[in-house]
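One structure is given below, encoded as structure tokens.
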Amino acid sequence: MLILGIESTCDETAASVVRGGVRVLSNVVATQYELHQKFRGVVPEIASRAHIERINVVIRQAMAEAGLSLTQMDAIAVAHRPGLIGSLLIGVTAAKTLAWTLGKPLIGVDHVQAHLYSARLRDDDTPPPVIEFPAVGLVASGGHTAMYVMRSFADVRLVGKTIDDAVGEAYDKVAAILGLPYPGGPYIDKLAAGGNPRAIAFPRSMLEKESLDLSFSGLKTSVLYQVRGKKGLEREASALSQAEMADVAASFQAACVDVLIAKLRRAIDRFGARCVVIGGGVTANAGLRAGLPRLGLPVHMPLRQFCTDNAAMSAGLGQLYLDAGVTSPLSLDAVPFSAISRMAEGEE
Ligand code: KG4
Ligand code: ZN
């Protein structure tokens, strides 16, 4: 079966055609970095306007790259939650319009759940990984940092999340402190490769002994003080040499990776997970990918192009729902928050 996926939850306008829930035939992503760069973060009104301007072009390009026509699609899947409401509305409206005019099923999917699904996507004819459940899932992105217990890709429960910044947000803020462009994750990643991860002992916030929640804002503040002096005002980042910048990046990254791995370890032990499934922009990070084997059990990670926001993951997850006979009505709403519920105390 062929599914057209649509994504517009934040600042990427994306469309993709996926066959059989796995094989990505096209993956078009229009980023808006240049529009938000000077604000060092996403401006919701600018994002929704840009989605309106780009959505038709992006869908048309996804169809052209797949060499298929809209009438050949078996369903239209769209990430309808969570995200910026003005941004979500554009993708949802486009998907509903296509589903209605083509007479095809509409499938609304959760963007965070789609990030977890992305490890199954393939850009060639190799088979998807065999994933043994229960798994611990980690979504680490600019908007989300959370862990899940997965009994399947459709049965996902939240077990811990950041109490302040998302890890990608911390990457972006540290990049801003160092005077690097937005979004800063990939720049820090590159810089860290040439630095000493033990140069500066940044804090690793583990919260309470049993906690699966995460926190990154203290780490970010430590970087600010390290770079700009005790009050964060004493010197400019430009006073740092290239080697000092690299050491800050490498030491910050080591702290992030240590925390994520320690929290995954706690969750694996608590829920008897057989493997780990990761997704989201930060899972493209070389330091994190290199550190994950420390967990000592299989880790399923997306191909790099499917880590950051894309529509292939929505199409893939949409196929799973379609196979189960689950579709959405044309009254499908855009919803700012995720539908994934937290596992209750003692439920494990
Ligand atoms: O998944 P994503 O595209 O959007 C959200 O759903 O939030 O994630 C974007 C985030 C940004 O914060 C970006 O800096 C971060 O992912 N990111 C990275 C890397 N590539 C993207 N962070 C660390 N290392 C990377 N290589
Ligand atoms: Zn995302």
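Residue numbering restarts at 1 for every chain of the structure tokens, chains are lettered A, B, ... in their displayed order, and ligands are numbered from 1 as they appear.
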
Spatial neighbours of A:Gly280, 7 Å, only C-alpha atoms, chain gap at least 5 places, as a ChimeraX atom specification: /A:115,139-141,307-308

Considering only C-alpha atoms, return as a PyMOL selection string whatever protein or nucleic-acid residues lie within 6 Å of A:Gly137, sequence-local ones (same chain, fewer than 5 positions apart) excluded. chain A and resi 147-148+276-278

Take the selection from the previous step and output its residues with N, CA, C and O atoms, as a PDB file, in the first residue's frame.
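Done, and the output landed in again-v4.pdb:
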ATOM      1  N   MET A 147      10.712   9.547  27.778  1.00  0.00           N
ATOM      2  CA  MET A 147      10.905   8.102  27.641  1.00  0.00           C
ATOM      3  C   MET A 147       9.551   7.403  27.714  1.00  0.00           C
ATOM      4  O   MET A 147       8.637   7.867  28.421  1.00  0.00           O
ATOM      5  N   TYR A 148       9.480   6.281  27.022  1.00  0.00           N
ATOM      6  CA  TYR A 148       8.212   5.562  26.894  1.00  0.00           C
ATOM      7  C   TYR A 148       8.447   4.070  27.080  1.00  0.00           C
ATOM      8  O   TYR A 148       9.528   3.578  26.767  1.00  0.00           O
ATOM      9  N   VAL A 276      15.938  -0.930  22.897  1.00  0.00           N
ATOM     10  CA  VAL A 276      15.675   0.509  22.988  1.00  0.00           C
ATOM     11  C   VAL A 276      15.367   1.017  21.587  1.00  0.00           C
ATOM     12  O   VAL A 276      15.993   0.584  20.610  1.00  0.00           O
ATOM     13  N   VAL A 277      14.390   1.909  21.495  1.00  0.00           N
ATOM     14  CA  VAL A 277      14.018   2.518  20.216  1.00  0.00           C
ATOM     15  C   VAL A 277      14.131   4.029  20.406  1.00  0.00           C
ATOM     16  O   VAL A 277      13.555   4.571  21.354  1.00  0.00           O
ATOM     17  N   ILE A 278      14.897   4.696  19.529  1.00  0.00           N
ATOM     18  CA  ILE A 278      15.065   6.142  19.717  1.00  0.00           C
ATOM     19  C   ILE A 278      14.633   6.909  18.469  1.00  0.00           C
ATOM     20  O   ILE A 278      14.602   6.369  17.371  1.00  0.00           O
TER      21      ILE A 278
END

Write as an NGL selection string the residues around ligand 2, taking 8 Å as the cut-off and counting only C-alpha atoms and all ligand atoms. :A and (9-10 or 111-112 or 115 or 141-144 or 280-281 or 308-310)

Just the selected residues (C-alpha atoms), exported as a short mmCIF file (atom, residue, chain, number, x, y, z; two decimals), in the first residue's frame, please.
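Result file follows (result-v5.cif):
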data_model
loop_
_atom_site.label_atom_id
_atom_site.label_comp_id
_atom_site.auth_asym_id
_atom_site.auth_seq_id
_atom_site.Cartn_x
_atom_site.Cartn_y
_atom_site.Cartn_z
CA THR A 9 3.80 20.43 13.53
CA CYS A 10 6.52 23.03 14.06
CA HIS A 111 4.03 13.27 16.00
CA VAL A 112 5.93 11.96 19.05
CA HIS A 115 9.33 9.80 15.94
CA SER A 141 14.18 16.60 20.00
CA GLY A 142 13.87 20.36 20.17
CA GLY A 143 10.33 20.21 21.54
CA HIS A 144 10.31 16.89 23.42
CA GLY A 280 13.90 12.84 17.26
CA GLY A 281 16.43 15.42 16.06
CA THR A 308 14.65 15.32 12.46
CA ASP A 309 11.06 16.21 11.59
CA ASN A 310 9.80 14.51 8.45
#

List all protein, DNA and RNA residues that have an atom no more than 10 Å from any atom of ligand 1, counting only C-alpha atoms and all ligand atoms, and report them as number ranges by chain. A: 9-12, 31, 41, 82-83, 111-112, 115, 139-145, 166-175, 181-190, 192, 253, 256, 279-289, 304-310

Extract the full set of strand (DSSP E) residues from stretch 36-233 of chain A according to DSSP on the backbone, and format it as a PyMOL selection string. chain A and resi 75-81+106-110+135-140+145-150+156-161

Going by DSSP on the backbone, which bits of stretch 44-205 of chain A are helix (DSSP H, G or I)? Write them as a tab-separated table (two decimals) with N, CA, C and O atoms, in the first residue's frame, please.
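Written file, selection-v4.tsv:
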chain	number	residue	atom	x	y	z
A	44	PRO	N	5.81	31.40	16.09
A	44	PRO	CA	4.65	30.64	15.60
A	44	PRO	C	3.94	31.28	14.40
A	44	PRO	O	3.60	30.58	13.44
A	45	GLU	N	3.73	32.58	14.42
A	45	GLU	CA	3.00	33.24	13.32
A	45	GLU	C	3.78	33.13	12.00
A	45	GLU	O	3.20	32.89	10.95
A	46	ILE	N	5.09	33.29	12.10
A	46	ILE	CA	5.92	33.19	10.89
A	46	ILE	C	5.89	31.74	10.38
A	46	ILE	O	5.79	31.50	9.18
A	47	ALA	N	5.92	30.80	11.32
A	47	ALA	CA	5.91	29.38	10.92
A	47	ALA	C	4.63	29.03	10.18
A	47	ALA	O	4.68	28.42	9.11
A	48	SER	N	3.47	29.45	10.72
A	48	SER	CA	2.23	29.02	10.05
A	48	SER	C	2.09	29.67	8.67
A	48	SER	O	1.64	29.04	7.73
A	49	ARG	N	2.52	30.93	8.57
A	49	ARG	CA	2.46	31.60	7.26
A	49	ARG	C	3.34	30.85	6.23
A	49	ARG	O	2.93	30.61	5.11
A	50	ALA	N	4.53	30.46	6.68
A	50	ALA	CA	5.44	29.75	5.77
A	50	ALA	C	4.87	28.39	5.36
A	50	ALA	O	5.02	27.97	4.21
A	51	HIS	N	4.18	27.71	6.31
A	51	HIS	CA	3.55	26.43	5.95
A	51	HIS	C	2.52	26.63	4.83
A	51	HIS	O	2.45	25.84	3.90
A	52	ILE	N	1.73	27.68	4.95
A	52	ILE	CA	0.69	27.95	3.93
A	52	ILE	C	1.36	28.12	2.56
A	52	ILE	O	0.91	27.57	1.56
A	53	GLU	N	2.46	28.88	2.55
A	53	GLU	CA	3.12	29.16	1.27
A	53	GLU	C	3.75	27.91	0.65
A	53	GLU	O	3.87	27.80	-0.55
A	54	ARG	N	4.16	26.96	1.51
A	54	ARG	CA	4.97	25.85	1.01
A	54	ARG	C	4.25	24.52	0.86
A	54	ARG	O	4.73	23.65	0.11
A	55	ILE	N	3.14	24.35	1.56
A	55	ILE	CA	2.57	22.99	1.66
A	55	ILE	C	2.25	22.36	0.30
A	55	ILE	O	2.60	21.21	0.05
A	56	ASN	N	1.63	23.14	-0.59
A	56	ASN	CA	1.26	22.55	-1.89
A	56	ASN	C	2.49	22.19	-2.72
A	56	ASN	O	2.53	21.14	-3.36
A	57	VAL	N	3.48	23.06	-2.66
A	57	VAL	CA	4.72	22.82	-3.41
A	57	VAL	C	5.39	21.54	-2.90
A	57	VAL	O	5.86	20.70	-3.68
A	58	VAL	N	5.44	21.41	-1.58
A	58	VAL	CA	6.11	20.26	-0.96
A	58	VAL	C	5.38	18.97	-1.31
A	58	VAL	O	6.00	17.95	-1.65
A	59	ILE	N	4.05	18.98	-1.25
A	59	ILE	CA	3.28	17.77	-1.58
A	59	ILE	C	3.50	17.40	-3.05
A	59	ILE	O	3.75	16.24	-3.39
A	60	ARG	N	3.45	18.41	-3.90
A	60	ARG	CA	3.64	18.16	-5.34
A	60	ARG	C	5.02	17.53	-5.58
A	60	ARG	O	5.18	16.59	-6.35
A	61	GLN	N	6.03	18.08	-4.89
A	61	GLN	CA	7.39	17.57	-5.07
A	61	GLN	C	7.52	16.13	-4.55
A	61	GLN	O	8.20	15.30	-5.17
A	62	ALA	N	6.87	15.84	-3.45
A	62	ALA	CA	6.93	14.46	-2.90
A	62	ALA	C	6.32	13.48	-3.89
A	62	ALA	O	6.83	12.36	-4.07
A	63	MET	N	5.22	13.88	-4.54
A	63	MET	CA	4.59	13.00	-5.52
A	63	MET	C	5.51	12.82	-6.74
A	63	MET	O	5.70	11.71	-7.24
A	64	ALA	N	6.11	13.94	-7.18
A	64	ALA	CA	6.99	13.88	-8.36
A	64	ALA	C	8.20	12.99	-8.07
A	64	ALA	O	8.59	12.16	-8.90
A	65	GLU	N	8.80	13.15	-6.89
A	65	GLU	CA	10.00	12.35	-6.56
A	65	GLU	C	9.68	10.87	-6.42
A	65	GLU	O	10.52	10.02	-6.69
A	66	ALA	N	8.46	10.57	-6.00
A	66	ALA	CA	8.05	9.16	-5.90
A	66	ALA	C	7.64	8.62	-7.27
A	66	ALA	O	7.51	7.41	-7.45
A	70	LEU	N	-1.42	11.37	-7.03
A	70	LEU	CA	-2.22	11.36	-5.80
A	70	LEU	C	-3.29	10.28	-5.83
A	70	LEU	O	-3.60	9.67	-4.81
A	71	THR	N	-3.82	10.03	-7.02
A	71	THR	CA	-4.90	9.02	-7.11
A	71	THR	C	-4.40	7.61	-6.80
A	71	THR	O	-5.18	6.72	-6.51
A	72	GLN	N	-3.09	7.42	-6.87
A	72	GLN	CA	-2.53	6.10	-6.54
A	72	GLN	C	-2.35	5.87	-5.04
A	72	GLN	O	-2.01	4.77	-4.61
A	85	ILE	N	-0.28	25.20	17.27
A	85	ILE	CA	-1.63	25.04	16.71
A	85	ILE	C	-1.76	25.63	15.30
A	85	ILE	O	-2.34	24.99	14.42
A	86	GLY	N	-1.19	26.80	15.09
A	86	GLY	CA	-1.30	27.44	13.76
A	86	GLY	C	-0.58	26.62	12.70
A	86	GLY	O	-1.04	26.52	11.56
A	87	SER	N	0.53	26.00	13.07
A	87	SER	CA	1.29	25.16	12.14
A	87	SER	C	0.54	23.87	11.84
A	87	SER	O	0.39	23.46	10.68
A	88	LEU	N	0.05	23.21	12.90
A	88	LEU	CA	-0.69	21.95	12.75
A	88	LEU	C	-1.87	22.10	11.81
A	88	LEU	O	-2.15	21.24	10.98
A	89	LEU	N	-2.58	23.24	11.96
A	89	LEU	CA	-3.80	23.45	11.17
A	89	LEU	C	-3.54	23.39	9.67
A	89	LEU	O	-4.40	22.92	8.92
A	90	ILE	N	-2.38	23.83	9.24
A	90	ILE	CA	-2.10	23.85	7.79
A	90	ILE	C	-1.98	22.42	7.26
A	90	ILE	O	-2.61	22.07	6.26
A	91	GLY	N	-1.20	21.59	7.94
A	91	GLY	CA	-1.05	20.20	7.49
A	91	GLY	C	-2.36	19.44	7.58
A	91	GLY	O	-2.71	18.67	6.67
A	92	VAL	N	-3.08	19.65	8.67
A	92	VAL	CA	-4.34	18.93	8.87
A	92	VAL	C	-5.34	19.33	7.79
A	92	VAL	O	-6.03	18.49	7.20
A	93	THR	N	-5.41	20.62	7.48
A	93	THR	CA	-6.35	21.09	6.45
A	93	THR	C	-5.97	20.52	5.08
A	93	THR	O	-6.84	20.07	4.33
A	94	ALA	N	-4.69	20.51	4.78
A	94	ALA	CA	-4.24	19.96	3.49
A	94	ALA	C	-4.60	18.48	3.40
A	94	ALA	O	-5.12	18.00	2.38
A	95	ALA	N	-4.35	17.74	4.50
A	95	ALA	CA	-4.62	16.29	4.50
A	95	ALA	C	-6.11	16.01	4.36
A	95	ALA	O	-6.52	15.12	3.60
A	96	LYS	N	-6.92	16.77	5.09
A	96	LYS	CA	-8.37	16.56	5.01
A	96	LYS	C	-8.87	16.86	3.61
A	96	LYS	O	-9.70	16.12	3.06
A	97	THR	N	-8.38	17.92	3.02
A	97	THR	CA	-8.81	18.32	1.68
A	97	THR	C	-8.49	17.22	0.68
A	97	THR	O	-9.32	16.84	-0.15
A	98	LEU	N	-7.26	16.68	0.78
A	98	LEU	CA	-6.86	15.61	-0.14
A	98	LEU	C	-7.70	14.36	0.09
A	98	LEU	O	-8.18	13.73	-0.86
A	99	ALA	N	-7.87	13.98	1.35
A	99	ALA	CA	-8.63	12.76	1.66
A	99	ALA	C	-10.06	12.89	1.12
A	99	ALA	O	-10.60	11.95	0.53
A	100	TRP	N	-10.63	14.06	1.30
A	100	TRP	CA	-12.03	14.27	0.87
A	100	TRP	C	-12.15	14.29	-0.65
A	100	TRP	O	-12.98	13.59	-1.22
A	101	THR	N	-11.27	15.05	-1.29
A	101	THR	CA	-11.39	15.17	-2.76
A	101	THR	C	-11.01	13.86	-3.46
A	101	THR	O	-11.57	13.53	-4.50
A	102	LEU	N	-10.05	13.12	-2.89
A	102	LEU	CA	-9.63	11.86	-3.53
A	102	LEU	C	-10.50	10.68	-3.10
A	102	LEU	O	-10.39	9.59	-3.66
A	111	HIS	N	2.68	12.98	16.49
A	111	HIS	CA	4.03	13.27	16.00
A	111	HIS	C	5.11	12.59	16.86
A	111	HIS	O	6.12	12.10	16.32
A	112	VAL	N	4.92	12.55	18.16
A	112	VAL	CA	5.93	11.96	19.05
A	112	VAL	C	5.99	10.44	18.84
A	112	VAL	O	7.08	9.85	18.75
A	113	GLN	N	4.82	9.85	18.70
A	113	GLN	CA	4.75	8.41	18.42
A	113	GLN	C	5.38	8.12	17.05
A	113	GLN	O	6.04	7.09	16.88
A	114	ALA	N	5.19	9.04	16.12
A	114	ALA	CA	5.79	8.87	14.79
A	114	ALA	C	7.32	8.92	14.88
A	114	ALA	O	8.01	8.17	14.18
A	115	HIS	N	7.87	9.78	15.75
A	115	HIS	CA	9.33	9.80	15.94
A	115	HIS	C	9.82	8.41	16.38
A	115	HIS	O	10.88	7.95	15.95
A	116	LEU	N	9.06	7.75	17.26
A	116	LEU	CA	9.46	6.41	17.71
A	116	LEU	C	9.38	5.40	16.58
A	116	LEU	O	10.16	4.45	16.52
A	117	TYR	N	8.44	5.62	15.67
A	117	TYR	CA	8.27	4.69	14.55
A	117	TYR	C	9.41	4.81	13.53
A	117	TYR	O	9.71	3.87	12.80
A	118	SER	N	10.07	5.97	13.50
A	118	SER	CA	10.99	6.29	12.40
A	118	SER	C	12.16	5.30	12.27
A	118	SER	O	12.77	5.20	11.20
A	119	ALA	N	12.46	4.56	13.35
A	119	ALA	CA	13.55	3.56	13.27
A	119	ALA	C	13.24	2.45	12.26
A	119	ALA	O	14.13	1.73	11.82
A	120	ARG	N	11.98	2.29	11.88
A	120	ARG	CA	11.60	1.24	10.92
A	120	ARG	C	11.78	1.67	9.46
A	120	ARG	O	11.75	0.85	8.55
A	167	VAL	N	16.15	18.39	25.52
A	167	VAL	CA	17.60	18.34	25.32
A	167	VAL	C	18.01	19.10	24.04
A	167	VAL	O	19.04	19.79	24.02
A	168	GLY	N	17.18	19.06	23.01
A	168	GLY	CA	17.50	19.81	21.78
A	168	GLY	C	17.48	21.31	22.03
A	168	GLY	O	18.28	22.07	21.45
A	169	GLU	N	16.57	21.71	22.91
A	169	GLU	CA	16.48	23.13	23.27
A	169	GLU	C	17.77	23.54	24.00
A	169	GLU	O	18.31	24.63	23.76
A	170	ALA	N	18.28	22.65	24.87
A	170	ALA	CA	19.54	22.93	25.56
A	170	ALA	C	20.69	23.04	24.54
A	170	ALA	O	21.52	23.95	24.62
A	171	TYR	N	20.70	22.15	23.56
A	171	TYR	CA	21.71	22.23	22.50
A	171	TYR	C	21.61	23.58	21.79
A	171	TYR	O	22.61	24.24	21.52
A	172	ASP	N	20.38	23.97	21.46
A	172	ASP	CA	20.20	25.22	20.72
A	172	ASP	C	20.62	26.43	21.56
A	172	ASP	O	21.20	27.39	21.05
A	173	LYS	N	20.33	26.37	22.88
A	173	LYS	CA	20.70	27.50	23.74
A	173	LYS	C	22.21	27.55	23.97
A	173	LYS	O	22.79	28.63	23.98
A	174	VAL	N	22.83	26.40	24.13
A	174	VAL	CA	24.29	26.37	24.30
A	174	VAL	C	24.97	26.88	23.01
A	174	VAL	O	25.94	27.63	23.06
A	175	ALA	N	24.40	26.50	21.88
A	175	ALA	CA	24.94	27.01	20.61
A	175	ALA	C	24.83	28.53	20.56
A	175	ALA	O	25.76	29.22	20.13
A	176	ALA	N	23.70	29.05	21.04
A	176	ALA	CA	23.51	30.51	21.05
A	176	ALA	C	24.53	31.16	21.97
A	176	ALA	O	25.12	32.20	21.63
A	177	ILE	N	24.79	30.55	23.13
A	177	ILE	CA	25.80	31.09	24.07
A	177	ILE	C	27.17	31.14	23.38
A	177	ILE	O	27.93	32.09	23.56
A	185	GLY	N	22.15	22.29	17.36
A	185	GLY	CA	22.54	20.91	17.65
A	185	GLY	C	23.63	20.38	16.73
A	185	GLY	O	24.68	19.92	17.20
A	186	PRO	N	23.43	20.46	15.42
A	186	PRO	CA	24.45	19.91	14.52
A	186	PRO	C	25.81	20.63	14.64
A	186	PRO	O	26.85	20.00	14.47
A	187	TYR	N	25.80	21.92	14.95
A	187	TYR	CA	27.07	22.68	15.10
A	187	TYR	C	27.81	22.23	16.35
A	187	TYR	O	29.04	22.05	16.34
A	188	ILE	N	27.07	22.03	17.45
A	188	ILE	CA	27.71	21.56	18.69
A	188	ILE	C	28.27	20.16	18.46
A	188	ILE	O	29.38	19.84	18.89
A	189	ASP	N	27.48	19.33	17.77
A	189	ASP	CA	27.88	17.95	17.48
A	189	ASP	C	29.24	17.95	16.77
A	189	ASP	O	30.17	17.24	17.15
A	190	LYS	N	29.37	18.79	15.74
A	190	LYS	CA	30.58	18.86	14.95
A	190	LYS	C	31.75	19.39	15.78
A	190	LYS	O	32.85	18.85	15.77
A	191	LEU	N	31.48	20.46	16.53
A	191	LEU	CA	32.51	21.09	17.36
A	191	LEU	C	33.00	20.12	18.43
A	191	LEU	O	34.19	20.04	18.73
A	192	ALA	N	32.05	19.36	19.02
A	192	ALA	CA	32.37	18.43	20.11
A	192	ALA	C	33.35	17.36	19.66
A	192	ALA	O	34.17	16.88	20.45

For atom CA of A:Ala15 and atom CA of A:Ala315, the interatomic separation in Å (one decimal):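 Going from atom CA of A:Ala15 over to atom CA of A:Ala315 covers 8.9 Å.
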
Any idea what's packed within 6 Å of stretch 76-79 of chain A, counting only C-alpha atoms, ignoring anything in its chain fewer than 5 positions away? Could you give it as a PyMOL selection string? chain A and resi 3-7+106-111+315+318

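Closest approach to A:Leu25 among A:Ala311, A:Val136, A:Val223, A:Ala146: A:Ala311, based on only C-alpha atoms.
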
Counting only C-alpha atoms, figure out which residue out of A:Ile268, A:Cys275, A:Ala324, A:Ile163 gets nearest to A:Gly218.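 Ranking A:Ile268, A:Cys275, A:Ala324, A:Ile163 by distance to A:Gly218, first place goes to A:Ile163.
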
For A:Ser338, which residue out of A:Arg122, A:Arg157, A:Lys38, A:Arg151 is the nearest one, using only C-alpha atoms?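 Looking at the shortest contact to A:Ser338, the residue is A:Arg157.
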
Residues at most 8 Å from stretch 320-322 of chain A, counting only C-alpha atoms, excluding those fewer than 5 positions away in the same chain, as a ChimeraX atom specification? /A:21,107,154,327

Need the shell around A:Ser251: protein/DNA/RNA residues with any atom at most 8 Å away, counting only C-alpha atoms. Skip same-chain ones fewer than 4 positions apart. Format as a ChimeraX atom specification? /A:192,195-202,247,255

For stretch 224-236 of chain A: contacts at 8 Å, only C-alpha atoms, fewer than 2 positions along chain excluded, given as a ChimeraX atom specification: /A:174,177-178,220-222,238-240,248

Taking C-alpha atoms for each residue, export the selection above as an mmCIF file, in the first residue's frame.
data_model
loop_
_atom_site.group_PDB
_atom_site.id
_atom_site.type_symbol
_atom_site.label_atom_id
_atom_site.label_comp_id
_atom_site.auth_asym_id
_atom_site.auth_seq_id
_atom_site.Cartn_x
_atom_site.Cartn_y
_atom_site.Cartn_z
ATOM 1 C CA VAL A 174 24.294 26.371 24.299
ATOM 2 C CA ILE A 177 25.797 31.085 24.068
ATOM 3 C CA LEU A 178 28.742 30.074 21.879
ATOM 4 C CA LYS A 220 22.613 24.968 30.219
ATOM 5 C CA THR A 221 23.125 27.590 32.970
ATOM 6 C CA SER A 222 26.460 25.976 33.929
ATOM 7 C CA SER A 238 34.283 35.407 21.277
ATOM 8 C CA ALA A 239 36.991 35.566 23.992
ATOM 9 C CA LEU A 240 37.235 31.764 23.766
ATOM 10 C CA VAL A 248 32.862 23.351 26.084
#
